[in-house]
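Chemist: For reference, the file my_file.cif (mmCIF, C-alpha atoms) is included below:
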```
data_coords
loop_
_atom_site.label_atom_id
_atom_site.label_comp_id
_atom_site.auth_asym_id
_atom_site.auth_seq_id
_atom_site.Cartn_x
_atom_site.Cartn_y
_atom_site.Cartn_z
CA MET T 1 224.80 -150.57 113.18
CA ALA T 2 227.85 -150.42 115.50
CA THR T 3 228.81 -146.99 114.16
CA ASP T 4 225.29 -145.69 114.72
CA ALA T 5 225.25 -147.02 118.27
CA THR T 6 228.65 -145.44 119.03
CA THR T 7 227.47 -142.12 117.69
CA LYS T 8 224.36 -142.22 119.87
CA PHE T 9 226.25 -142.97 123.04
CA GLN T 10 228.71 -140.17 122.32
CA ASN T 11 225.78 -137.75 122.39
CA PRO T 12 225.70 -136.29 125.95
CA ASP T 13 221.94 -135.66 125.67
CA PHE T 14 221.14 -139.23 124.67
CA ARG T 15 219.35 -141.33 127.30
CA PRO T 16 219.01 -144.98 126.18
CA ASP T 17 216.35 -145.73 128.81
CA PHE T 18 214.16 -142.77 127.92
CA HIS T 19 211.45 -142.96 125.27
CA PRO T 20 209.52 -139.68 125.19
CA GLU T 21 206.74 -141.14 123.07
CA LEU T 22 206.19 -143.89 125.67
CA THR T 23 206.06 -141.69 128.76
CA PRO T 24 202.43 -142.05 129.88
CA SER T 25 200.41 -139.13 131.13
CA THR T 26 198.63 -139.58 134.43
CA HIS T 27 195.40 -138.48 132.79
CA ASP T 28 196.24 -138.53 129.08
CA GLY T 29 195.06 -134.95 128.64
CA LEU T 30 191.44 -135.96 128.01
CA HIS T 31 188.18 -134.61 129.38
CA PHE T 32 185.87 -136.73 131.52
CA TRP T 33 183.25 -136.97 128.75
CA GLN T 34 185.87 -138.19 126.28
CA PHE T 35 186.78 -141.09 128.55
CA MET T 36 183.05 -141.88 128.79
CA ILE T 37 182.56 -141.98 125.01
CA ALA T 38 185.70 -144.04 124.38
CA GLY T 39 184.70 -146.49 127.13
CA SER T 40 181.09 -146.73 125.97
CA VAL T 41 182.06 -147.55 122.38
CA ALA T 42 184.67 -150.06 123.53
CA GLY T 43 182.22 -151.80 125.87
CA CYS T 44 179.48 -152.12 123.25
CA ILE T 45 181.84 -153.52 120.61
CA GLU T 46 183.37 -155.95 123.10
CA HIS T 47 180.10 -157.43 124.36
CA MET T 48 178.31 -157.51 121.02
CA ALA T 49 181.22 -159.29 119.33
CA MET T 50 181.51 -161.95 122.03
CA PHE T 51 177.82 -162.36 122.88
CA PRO T 52 177.36 -165.94 121.50
CA VAL T 53 180.17 -167.20 123.75
CA ASP T 54 178.50 -165.51 126.72
CA THR T 55 175.24 -167.28 125.87
CA VAL T 56 176.96 -170.68 125.95
CA LYS T 57 178.55 -169.81 129.30
CA THR T 58 175.19 -168.77 130.80
CA HIS T 59 173.56 -172.03 129.70
CA MET T 60 176.39 -174.08 131.18
CA GLN T 61 176.22 -172.28 134.52
CA ALA T 62 172.43 -172.49 134.94
CA LEU T 63 171.62 -175.66 136.90
CA GLY T 64 168.31 -177.29 137.85
CA SER T 65 166.12 -178.52 134.99
CA CYS T 66 167.38 -175.97 132.47
CA PRO T 67 168.00 -177.63 129.09
CA ILE T 68 171.79 -177.67 129.19
CA LYS T 69 173.59 -179.35 132.06
CA SER T 70 176.83 -180.49 130.46
CA VAL T 71 180.11 -178.73 131.17
CA SER T 72 181.26 -179.47 127.64
CA VAL T 73 181.37 -176.38 125.45
CA ARG T 74 180.70 -178.42 122.30
CA GLN T 75 177.68 -180.18 123.78
CA ALA T 76 176.30 -176.92 125.14
CA LEU T 77 176.67 -175.20 121.77
CA ASN T 78 175.17 -178.11 119.84
CA SER T 79 172.21 -178.27 122.23
CA ILE T 80 171.46 -174.57 121.74
CA LEU T 81 171.72 -174.81 117.95
CA LYS T 82 169.55 -177.94 117.75
CA SER T 83 166.82 -176.67 120.06
CA GLU T 84 166.43 -173.11 118.78
CA GLY T 85 168.88 -172.50 115.95
CA PRO T 86 171.68 -169.92 115.56
CA SER T 87 169.41 -167.01 116.53
CA ALA T 88 169.27 -168.40 120.09
CA LEU T 89 172.92 -167.42 120.53
CA TYR T 90 171.83 -163.78 120.33
CA ARG T 91 168.82 -163.89 122.65
CA GLY T 92 169.14 -160.97 125.07
CA ILE T 93 171.64 -158.98 123.00
CA ALA T 94 169.37 -155.92 123.15
CA ALA T 95 169.56 -155.93 126.95
CA MET T 96 173.33 -156.22 126.68
CA GLY T 97 173.44 -153.20 124.40
CA LEU T 98 171.28 -151.13 126.73
CA GLY T 99 173.46 -151.97 129.72
CA ALA T 100 176.98 -152.21 128.30
CA GLY T 101 177.21 -148.71 126.81
CA PRO T 102 176.33 -146.68 129.94
CA ALA T 103 178.12 -149.11 132.27
CA HIS T 104 181.40 -148.96 130.36
CA ALA T 105 181.15 -145.18 130.08
CA VAL T 106 181.05 -145.07 133.89
CA TYR T 107 183.64 -147.84 134.19
CA PHE T 108 186.45 -146.23 132.21
CA SER T 109 185.80 -142.63 133.23
CA VAL T 110 185.88 -143.57 136.94
CA TYR T 111 188.98 -145.70 136.36
CA GLU T 112 190.90 -142.88 134.68
CA THR T 113 189.82 -140.34 137.30
CA CYS T 114 190.80 -142.61 140.20
CA LYS T 115 194.07 -143.59 138.52
CA LYS T 116 195.03 -139.92 138.29
CA ARG T 117 194.20 -139.39 141.96
CA PHE T 118 195.74 -142.61 143.35
CA SER T 119 198.92 -142.85 141.29
CA ASN T 120 200.53 -139.66 142.68
CA GLY T 121 202.36 -139.12 139.42
CA ASP T 122 203.70 -142.70 139.21
CA PRO T 123 202.33 -144.30 136.00
CA ASN T 124 203.71 -147.72 137.02
CA ASN T 125 201.89 -147.93 140.37
CA SER T 126 200.17 -151.34 140.15
CA LEU T 127 198.37 -150.83 143.46
CA ALA T 128 196.84 -147.60 142.14
CA HIS T 129 195.71 -149.42 138.98
CA ALA T 130 194.11 -152.20 141.01
CA ALA T 131 192.39 -149.82 143.44
CA SER T 132 191.13 -147.67 140.57
CA GLY T 133 189.72 -150.77 138.89
CA VAL T 134 187.84 -151.76 142.04
CA CYS T 135 186.30 -148.27 142.33
CA ALA T 136 185.32 -148.43 138.67
CA THR T 137 183.62 -151.82 138.95
CA VAL T 138 181.59 -150.93 142.08
CA THR T 139 180.07 -147.92 140.32
CA SER T 140 179.62 -149.48 136.88
CA ASP T 141 178.03 -152.66 138.30
CA ALA T 142 175.29 -150.51 139.84
CA VAL T 143 174.44 -149.41 136.30
CA PHE T 144 174.90 -152.76 134.54
CA THR T 145 173.45 -155.35 136.97
CA PRO T 146 169.73 -154.84 136.16
CA MET T 147 170.24 -155.26 132.40
CA ASP T 148 172.66 -158.12 132.99
CA MET T 149 169.94 -159.95 134.91
CA VAL T 150 167.47 -159.37 132.07
CA LYS T 151 170.07 -160.49 129.54
CA GLN T 152 170.81 -163.75 131.33
CA ARG T 153 167.16 -164.65 131.71
CA LEU T 154 166.54 -164.04 128.04
CA GLN T 155 169.55 -166.19 127.12
CA LEU T 156 167.98 -169.30 128.69
CA SER T 157 165.91 -171.51 126.40
CA ASN T 158 162.18 -171.60 127.14
CA SER T 159 162.46 -168.73 129.60
CA GLY T 160 158.99 -167.53 128.59
CA TYR T 161 159.99 -163.90 128.11
CA LYS T 162 159.11 -162.24 124.80
CA GLY T 163 161.80 -159.58 125.00
CA VAL T 164 163.57 -157.02 127.14
CA TRP T 165 160.54 -154.93 128.03
CA ASP T 166 158.36 -157.99 128.72
CA CYS T 167 161.04 -159.36 131.05
CA VAL T 168 161.38 -156.03 132.89
CA LYS T 169 157.61 -155.71 133.39
CA ARG T 170 157.13 -159.29 134.58
CA VAL T 171 160.07 -159.20 136.98
CA MET T 172 158.79 -155.92 138.46
CA SER T 173 155.25 -157.26 138.94
CA GLU T 174 156.14 -160.80 140.06
CA GLU T 175 159.37 -160.33 142.02
CA GLY T 176 159.71 -156.61 142.72
CA PHE T 177 162.50 -154.11 142.04
CA GLY T 178 164.92 -155.92 144.33
CA ALA T 179 165.12 -158.82 141.87
CA PHE T 180 167.11 -156.63 139.48
CA TYR T 181 169.83 -156.30 142.14
CA ALA T 182 169.62 -159.80 143.65
CA SER T 183 173.12 -160.56 142.39
CA TYR T 184 174.66 -157.10 142.92
CA ARG T 185 176.58 -158.07 146.05
CA THR T 186 177.91 -161.20 144.36
CA THR T 187 178.69 -159.26 141.20
CA VAL T 188 180.74 -156.71 143.14
CA LEU T 189 182.51 -159.43 145.14
CA MET T 190 183.33 -161.14 141.84
CA ASN T 191 184.22 -158.08 139.78
CA ALA T 192 186.31 -156.37 142.45
CA PRO T 193 189.04 -159.05 142.39
CA PHE T 194 188.42 -159.58 138.66
CA THR T 195 189.05 -155.93 137.92
CA ALA T 196 191.99 -155.66 140.32
CA VAL T 197 193.69 -158.62 138.62
CA HIS T 198 192.63 -157.40 135.18
CA PHE T 199 193.90 -153.83 135.41
CA ALA T 200 197.10 -154.70 137.27
CA THR T 201 197.90 -157.45 134.76
CA TYR T 202 197.01 -155.25 131.80
CA GLU T 203 199.21 -152.34 132.87
CA ALA T 204 202.10 -154.67 133.79
CA ALA T 205 201.83 -156.66 130.55
CA LYS T 206 201.62 -153.50 128.48
CA LYS T 207 204.72 -152.10 130.18
CA GLY T 208 206.58 -155.39 129.67
CA LEU T 209 205.67 -155.61 125.98
CA VAL T 210 206.79 -152.02 125.41
CA GLU T 211 210.13 -152.70 127.08
CA VAL T 212 210.69 -155.82 124.94
CA SER T 213 210.39 -153.90 121.67
CA PRO T 214 210.34 -150.14 122.30
CA GLU T 215 211.50 -149.24 118.79
CA SER T 216 208.38 -150.74 117.16
CA VAL T 217 205.78 -149.65 119.70
CA ASP T 218 204.36 -146.90 117.50
CA ASP T 219 203.81 -149.28 114.57
CA GLU T 220 202.43 -152.10 116.71
CA GLN T 221 200.61 -150.16 119.43
CA TRP T 222 197.28 -151.91 118.86
CA VAL T 223 199.05 -155.30 119.14
CA VAL T 224 200.45 -154.29 122.52
CA HIS T 225 197.02 -153.24 123.84
CA ALA T 226 195.30 -156.33 122.42
CA THR T 227 197.90 -158.78 123.74
CA ALA T 228 198.04 -157.22 127.21
CA GLY T 229 194.25 -157.08 127.32
CA ALA T 230 193.87 -160.73 126.31
CA ALA T 231 196.32 -161.89 128.98
CA ALA T 232 194.60 -159.80 131.64
CA GLY T 233 191.12 -160.94 130.63
CA ALA T 234 192.00 -164.66 130.57
CA LEU T 235 193.71 -164.65 133.97
CA ALA T 236 191.01 -162.61 135.71
CA ALA T 237 188.24 -164.75 134.18
CA VAL T 238 189.60 -168.07 135.43
CA VAL T 239 190.30 -166.77 138.93
CA THR T 240 186.76 -165.44 139.45
CA THR T 241 184.70 -168.19 137.76
CA PRO T 242 183.21 -169.61 141.02
CA LEU T 243 181.62 -166.27 141.90
CA ASP T 244 180.38 -165.89 138.32
CA VAL T 245 178.57 -169.22 138.67
CA VAL T 246 176.94 -167.95 141.88
CA LYS T 247 175.94 -164.72 140.13
CA THR T 248 174.30 -166.63 137.27
CA GLN T 249 172.36 -168.77 139.74
CA LEU T 250 171.03 -165.71 141.55
CA GLN T 251 170.06 -163.92 138.35
CA CYS T 252 168.34 -166.93 136.79
CA GLN T 253 166.63 -168.30 139.90
CA GLY T 254 163.11 -169.52 139.29
CA VAL T 255 163.51 -169.31 135.51
CA CYS T 256 163.40 -172.39 133.29
CA GLY T 257 163.36 -174.68 136.33
CA CYS T 258 166.44 -173.24 138.01
CA ASP T 259 166.54 -173.21 141.80
CA ARG T 260 165.05 -170.30 143.73
CA PHE T 261 166.93 -169.15 146.82
CA LYS T 262 165.09 -167.79 149.85
CA SER T 263 167.88 -165.71 151.33
CA GLY T 264 169.96 -164.80 148.30
CA SER T 265 173.00 -165.62 150.41
CA ILE T 266 176.19 -166.43 148.55
CA GLY T 267 176.85 -169.21 151.04
CA ASP T 268 173.46 -170.84 150.39
CA VAL T 269 174.04 -170.78 146.62
CA ILE T 270 177.50 -172.31 147.01
CA LYS T 271 176.11 -175.06 149.27
CA THR T 272 173.42 -175.87 146.67
CA ILE T 273 175.98 -176.06 143.88
CA LEU T 274 178.31 -178.26 145.93
CA LYS T 275 175.45 -180.58 146.89
CA LYS T 276 174.30 -181.02 143.29
CA ASP T 277 177.52 -180.94 141.35
CA GLY T 278 180.46 -180.96 143.75
CA TYR T 279 183.40 -178.58 143.56
CA LYS T 280 183.53 -178.91 139.77
CA GLY T 281 180.18 -177.11 139.72
CA LEU T 282 181.89 -173.93 140.90
CA MET T 283 184.07 -173.98 137.77
CA ARG T 284 181.18 -174.67 135.42
CA GLY T 285 181.61 -172.61 132.27
CA TRP T 286 185.21 -171.55 132.95
CA ILE T 287 186.31 -172.41 129.41
CA PRO T 288 183.74 -170.24 127.59
CA ARG T 289 184.25 -167.58 130.26
CA MET T 290 187.96 -167.50 129.46
CA LEU T 291 187.24 -167.72 125.73
CA PHE T 292 184.92 -164.74 126.19
CA HIS T 293 187.10 -162.50 128.33
CA ALA T 294 190.46 -162.99 126.57
CA PRO T 295 189.36 -161.75 123.13
CA ALA T 296 186.77 -159.43 124.67
CA ALA T 297 189.43 -157.66 126.71
CA ALA T 298 191.69 -157.49 123.66
CA ILE T 299 188.88 -155.90 121.64
CA CYS T 300 187.86 -153.60 124.47
CA TRP T 301 191.33 -152.27 125.33
CA SER T 302 192.47 -151.79 121.74
CA THR T 303 189.20 -150.00 120.91
CA TYR T 304 189.37 -147.91 124.07
CA GLU T 305 192.99 -146.88 123.48
CA ALA T 306 192.14 -146.08 119.85
CA GLY T 307 189.31 -143.85 121.10
CA LYS T 308 191.65 -142.11 123.52
CA SER T 309 194.18 -141.60 120.72
CA PHE T 310 191.46 -140.07 118.54
CA PHE T 311 190.46 -137.60 121.25
CA GLN T 312 194.09 -136.75 122.00
CA ASP T 313 194.61 -135.84 118.34
CA PHE T 314 191.33 -133.93 118.36
CA ASN T 315 192.30 -131.93 121.44
CA GLN T 316 195.74 -131.19 120.01
CA GLN T 317 194.26 -129.94 116.76
CA LYS T 318 191.72 -127.91 118.69
CA ASP T 319 194.46 -126.28 120.77
CA THR T 320 196.47 -125.41 117.67
CA GLY T 321 193.41 -124.25 115.76
CA THR T 322 193.73 -126.86 113.01
CA VAL T 323 190.47 -128.72 113.57
CA THR T 324 188.60 -129.07 110.27
#
```
Using structure tokens, write down the structure from this file.
Modeler:
Amino acid sequence: MATDATTKFQNPDFRPDFHPELTPSTHDGLHFWQFMIAGSVAGCIEHMAMFPVDTVKTHMQALGSCPIKSVSVRQALNSILKSEGPSALYRGIAAMGLGAGPAHAVYFSVYETCKKRFSNGDPNNSLAHAASGVCATVTSDAVFTPMDMVKQRLQLSNSGYKGVWDCVKRVMSEEGFGAFYASYRTTVLMNAPFTAVHFATYEAAKKGLVEVSPESVDDEQWVVHATAGAAAGALAAVVTTPLDVVKTQLQCQGVCGCDRFKSGSIGDVIKTILKKDGYKGLMRGWIPRMLFHAPAAAICWSTYEAGKSFFQDFNQQKDTGTVT
């Protein structure tokens, strides 16, 4: 080992701090549509895999006379299983599928485009990563919010909706189109800091993990993406839980006995939560939220990076004329 190291350092072209296979491209050499496909697949897999945990979180955050009021994950889960059975954990998954695919396609493609523009050639620019994430979430939330509202209403026990289409029709006729975007402002205010923390943490953690063990990065690349994603997802989830509780209240208002808010003001919702449940009410569901976002982010990032790797190989083979 010592002989090998001496030989390397005697090589005038050897640069111990340079790893050509780790030098990130500002845009990874992919087309816009390839980012969209990779992001769409990653988003669908992420949300479908973790959907039961999201259902528990939604039940815990919905106040009023909805069936589940306890902040205990175990009690919430047992209540769902006893009242409706295991299938209740997947109520609303169709709405999630309809919203997650297009939203994540927009999310990742906008993120990559903004990252290229904001980074100015510096792949380690955390501010550029955070700003790109905020731009991505503002646009993707406009796509996802309507189906997210439908999904959360269907997740509640005894909501009275027969399915996605029935919920859409009834909301349109009874509450109007604006009901689909009642929580959009809150969602953006929640997801902007969530995404800023998420992307900045992910890029920093990924860089740190690569520096710890650069010689094994090729063999353990998916572990790096999954670990960095899990850390980013867990931290961002805990920090933004209060606004997620507000979002759930706005999306589920008037359903299953939950409170209805006249103004839709974030302040009014927070006051109602504090009056009924105190400050602990703003952290209702933080455990399942963290349990959702940590593995979800790990799944999403590893799947997304795998998709990018696939398209990079595809483009390389296409350029060399070796595509079969």
Chemist: Nearest to Thr303 (chain T) among T:Ala38, T:Ala49, T:Glu211, T:Ala234, with distances taken over all atoms listed in the file: which residue is it?
Modeler: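 Using all atoms listed in the file, the shortest distance to Thr303 (chain T) belongs to T:Ala38.
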Chemist: To test your reading of the syntax: which residues would the PyMOL selection byres ((chain T and resi 44) around 10) return for the file shown? Reply as a list of chain:residue names.
Modeler: T:Gly39, T:Ser40, T:Val41, T:Ala42, T:Gly43, T:Ile45, T:Glu46, T:His47, T:Met48, T:Ala49, T:Met96, T:Gly97, T:Leu98, T:Gly99, T:Ala100, T:Gly101, T:Pro102, T:Ala103, T:His104, T:Ala105, T:Cys300
Chemist: Give me a file of those residues, with C-alpha atoms, as a PDB file, keeping the file's coordinate frame.
Modeler:
```pdb
ATOM      1  CA  GLY T  39     184.700-146.490 127.130  1.00  0.00           C
ATOM      2  CA  SER T  40     181.090-146.730 125.970  1.00  0.00           C
ATOM      3  CA  VAL T  41     182.060-147.550 122.380  1.00  0.00           C
ATOM      4  CA  ALA T  42     184.670-150.060 123.530  1.00  0.00           C
ATOM      5  CA  GLY T  43     182.220-151.800 125.870  1.00  0.00           C
ATOM      6  CA  ILE T  45     181.840-153.520 120.610  1.00  0.00           C
ATOM      7  CA  GLU T  46     183.370-155.950 123.100  1.00  0.00           C
ATOM      8  CA  HIS T  47     180.100-157.430 124.360  1.00  0.00           C
ATOM      9  CA  MET T  48     178.310-157.510 121.020  1.00  0.00           C
ATOM     10  CA  ALA T  49     181.220-159.290 119.330  1.00  0.00           C
ATOM     11  CA  MET T  96     173.330-156.220 126.680  1.00  0.00           C
ATOM     12  CA  GLY T  97     173.440-153.200 124.400  1.00  0.00           C
ATOM     13  CA  LEU T  98     171.280-151.130 126.730  1.00  0.00           C
ATOM     14  CA  GLY T  99     173.460-151.970 129.720  1.00  0.00           C
ATOM     15  CA  ALA T 100     176.980-152.210 128.300  1.00  0.00           C
ATOM     16  CA  GLY T 101     177.210-148.710 126.810  1.00  0.00           C
ATOM     17  CA  PRO T 102     176.330-146.680 129.940  1.00  0.00           C
ATOM     18  CA  ALA T 103     178.120-149.110 132.270  1.00  0.00           C
ATOM     19  CA  HIS T 104     181.400-148.960 130.360  1.00  0.00           C
ATOM     20  CA  ALA T 105     181.150-145.180 130.080  1.00  0.00           C
ATOM     21  CA  CYS T 300     187.860-153.600 124.470  1.00  0.00           C
TER      22      CYS T 300
END
```
Chemist: Give me the residues within 6 Å of Trp301 (chain T) as a list of chain:residue names, counting only C-alpha atoms and dropping any in the same chain fewer than 3 places off.
Modeler: T:His225, T:Gly229, T:Ala297, T:Ala298, T:Tyr304, T:Glu305
Chemist: Using only C-alpha atoms, which protein or nucleic acid residues come within 12 Å of Leu89 (chain T)? Drop anything in the same chain fewer than 3 positions from it, and give the result as an NGL selection string.
Modeler: :T and (48-59 or 76-86 or 92-93 or 151-152 or 154-157)
Chemist: Write to file, as a CSV table (one decimal), keeping the file's coordinate frame, the residues of the selection just made, with C-alpha atoms.
Modeler:
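Output file again-v2.csv follows:
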```csv
chain,number,residue,atom,x,y,z
T,48,MET,CA,178.3,-157.5,121.0
T,49,ALA,CA,181.2,-159.3,119.3
T,50,MET,CA,181.5,-162.0,122.0
T,51,PHE,CA,177.8,-162.4,122.9
T,52,PRO,CA,177.4,-165.9,121.5
T,53,VAL,CA,180.2,-167.2,123.8
T,54,ASP,CA,178.5,-165.5,126.7
T,55,THR,CA,175.2,-167.3,125.9
T,56,VAL,CA,177.0,-170.7,126.0
T,57,LYS,CA,178.6,-169.8,129.3
T,58,THR,CA,175.2,-168.8,130.8
T,59,HIS,CA,173.6,-172.0,129.7
T,76,ALA,CA,176.3,-176.9,125.1
T,77,LEU,CA,176.7,-175.2,121.8
T,78,ASN,CA,175.2,-178.1,119.8
T,79,SER,CA,172.2,-178.3,122.2
T,80,ILE,CA,171.5,-174.6,121.7
T,81,LEU,CA,171.7,-174.8,118.0
T,82,LYS,CA,169.6,-177.9,117.8
T,83,SER,CA,166.8,-176.7,120.1
T,84,GLU,CA,166.4,-173.1,118.8
T,85,GLY,CA,168.9,-172.5,116.0
T,86,PRO,CA,171.7,-169.9,115.6
T,92,GLY,CA,169.1,-161.0,125.1
T,93,ILE,CA,171.6,-159.0,123.0
T,151,LYS,CA,170.1,-160.5,129.5
T,152,GLN,CA,170.8,-163.8,131.3
T,154,LEU,CA,166.5,-164.0,128.0
T,155,GLN,CA,169.6,-166.2,127.1
T,156,LEU,CA,168.0,-169.3,128.7
T,157,SER,CA,165.9,-171.5,126.4
```
Chemist: Hey, what's within 7 Å of region 31-37 of chain T if we count all atoms listed in the file and toss same-chain stuff fewer than 5 positions away? As a list in words, please?
Modeler: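 Counting only the stated atoms, we get Ala105, Val106, Phe108, Ser109 and Phe311 of chain T.
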Chemist: List every protein, DNA or RNA residue that has an atom no more than 12 Å from (198.7, -154.3, 118.8) in the file's coordinate frame, counting only C-alpha atoms, and report them as a ChimeraX atom specification.
Modeler: /T:206,209-210,216-230,298-299,301-303,305-306
Chemist: Within 12 Å of (179.1, -171.5, 149.4) (file coordinates; all atoms listed in the file), which protein or nucleic acid residues are there? I'd like them as a count of residues only.
Modeler: 22
Chemist: Using all atoms listed in the file, find each residue of region 89-163 of chain T with at least one atom at most 12 Å away from an atom of region 169-179 of chain T; report its shortest atom-to-atom pair and that distance in Å (one decimal), sort the rows by chain and rising residue number, and return the result as JSON lines.
Modeler:
```
{"residue": "T:Thr145", "atom": "CA", "partner": "T:Ala179", "partner_atom": "CA", "distance": 10.3}
{"residue": "T:Pro146", "atom": "CA", "partner": "T:Ala179", "partner_atom": "CA", "distance": 8.3}
{"residue": "T:Met147", "atom": "CA", "partner": "T:Ala179", "partner_atom": "CA", "distance": 11.3}
{"residue": "T:Asp148", "atom": "CA", "partner": "T:Ala179", "partner_atom": "CA", "distance": 11.7}
{"residue": "T:Met149", "atom": "CA", "partner": "T:Ala179", "partner_atom": "CA", "distance": 8.5}
{"residue": "T:Val150", "atom": "CA", "partner": "T:Val171", "partner_atom": "CA", "distance": 8.9}
{"residue": "T:Arg153", "atom": "CA", "partner": "T:Val171", "partner_atom": "CA", "distance": 10.4}
{"residue": "T:Ser159", "atom": "CA", "partner": "T:Arg170", "partner_atom": "CA", "distance": 11.9}
{"residue": "T:Gly160", "atom": "CA", "partner": "T:Arg170", "partner_atom": "CA", "distance": 10.4}
{"residue": "T:Tyr161", "atom": "CA", "partner": "T:Arg170", "partner_atom": "CA", "distance": 8.4}
{"residue": "T:Lys162", "atom": "CA", "partner": "T:Arg170", "partner_atom": "CA", "distance": 10.4}
{"residue": "T:Gly163", "atom": "CA", "partner": "T:Lys169", "partner_atom": "CA", "distance": 10.1}
```
Chemist: Dump C-alpha atoms for the selected residues as a short mmCIF file (atom, residue, chain, number, x, y, z; two decimals), in the frame of the given file?
Modeler:
```cif
data_model
loop_
_atom_site.label_atom_id
_atom_site.label_comp_id
_atom_site.auth_asym_id
_atom_site.auth_seq_id
_atom_site.Cartn_x
_atom_site.Cartn_y
_atom_site.Cartn_z
CA THR T 145 173.45 -155.35 136.97
CA PRO T 146 169.73 -154.84 136.16
CA MET T 147 170.24 -155.26 132.40
CA ASP T 148 172.66 -158.12 132.99
CA MET T 149 169.94 -159.95 134.91
CA VAL T 150 167.47 -159.37 132.07
CA ARG T 153 167.16 -164.65 131.71
CA SER T 159 162.46 -168.73 129.60
CA GLY T 160 158.99 -167.53 128.59
CA TYR T 161 159.99 -163.90 128.11
CA LYS T 162 159.11 -162.24 124.80
CA GLY T 163 161.80 -159.58 125.00
#
```
Chemist: Step by step, work through what the PyMOL selection byres ((chain T and resi 284) around 7) selects in the shown file, and finish by giving those residues as a PyMOL selection string.
Modeler: chain T and resi 60-61+71+245+280-283+285-286
Chemist: Run the PyMOL selection byres ((chain T and resi 184) around 9) on the file and write out the hits as a ChimeraX atom specification.
Modeler: /T:141-142,145-146,180-183,185-189,247
Chemist: Would you compute the distance between CA of Tyr90 (chain T) and CA of Asp244 (chain T)? Give it in Å to one decimal.
Modeler: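 Distance reported for this atom pair: 20.0 Å.
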Chemist: Any idea what the distance is between CA of Thr137 (chain T) and CA of Asn191 (chain T)?
Modeler: 6.3 Å
Chemist: Supply region 33-44 of chain T as a compact mmCIF listing (two decimals), keeping the file's coordinate frame, with N, CA, C and O atoms built in where the input has gaps.
Modeler:
```
# COMPACT_ATOMS: atom_id res chain seq x y z
N TRP T 33 184.23 -136.48 129.72
CA TRP T 33 183.25 -136.97 128.75
C TRP T 33 183.91 -137.75 127.62
O TRP T 33 183.29 -138.66 127.03
N GLN T 34 185.17 -137.46 127.33
CA GLN T 34 185.87 -138.19 126.28
C GLN T 34 186.22 -139.60 126.73
O GLN T 34 186.15 -140.55 125.95
N PHE T 35 186.58 -139.75 128.00
CA PHE T 35 186.78 -141.09 128.55
C PHE T 35 185.48 -141.88 128.50
O PHE T 35 185.46 -143.08 128.20
N MET T 36 184.35 -141.22 128.78
CA MET T 36 183.05 -141.88 128.79
C MET T 36 182.69 -142.39 127.39
O MET T 36 182.23 -143.53 127.24
N ILE T 37 182.89 -141.57 126.38
CA ILE T 37 182.56 -141.98 125.01
C ILE T 37 183.46 -143.12 124.55
O ILE T 37 182.98 -144.12 124.00
N ALA T 38 184.77 -142.99 124.79
CA ALA T 38 185.70 -144.04 124.38
C ALA T 38 185.37 -145.36 125.08
O ALA T 38 185.36 -146.43 124.46
N GLY T 39 185.04 -145.29 126.37
CA GLY T 39 184.70 -146.49 127.13
C GLY T 39 183.38 -147.10 126.68
O GLY T 39 183.25 -148.32 126.59
N SER T 40 182.40 -146.25 126.39
CA SER T 40 181.09 -146.73 125.97
C SER T 40 181.18 -147.48 124.64
O SER T 40 180.62 -148.57 124.49
N VAL T 41 181.89 -146.91 123.69
CA VAL T 41 182.06 -147.55 122.38
C VAL T 41 182.80 -148.87 122.53
O VAL T 41 182.42 -149.89 121.95
N ALA T 42 183.88 -148.85 123.32
CA ALA T 42 184.67 -150.06 123.53
C ALA T 42 183.85 -151.17 124.17
O ALA T 42 183.91 -152.33 123.76
N GLY T 43 183.04 -150.82 125.18
CA GLY T 43 182.22 -151.80 125.87
C GLY T 43 181.17 -152.43 124.97
O GLY T 43 180.95 -153.65 125.01
N CYS T 44 180.52 -151.60 124.16
CA CYS T 44 179.48 -152.12 123.25
C CYS T 44 180.08 -153.07 122.22
O CYS T 44 179.54 -154.15 121.97
```
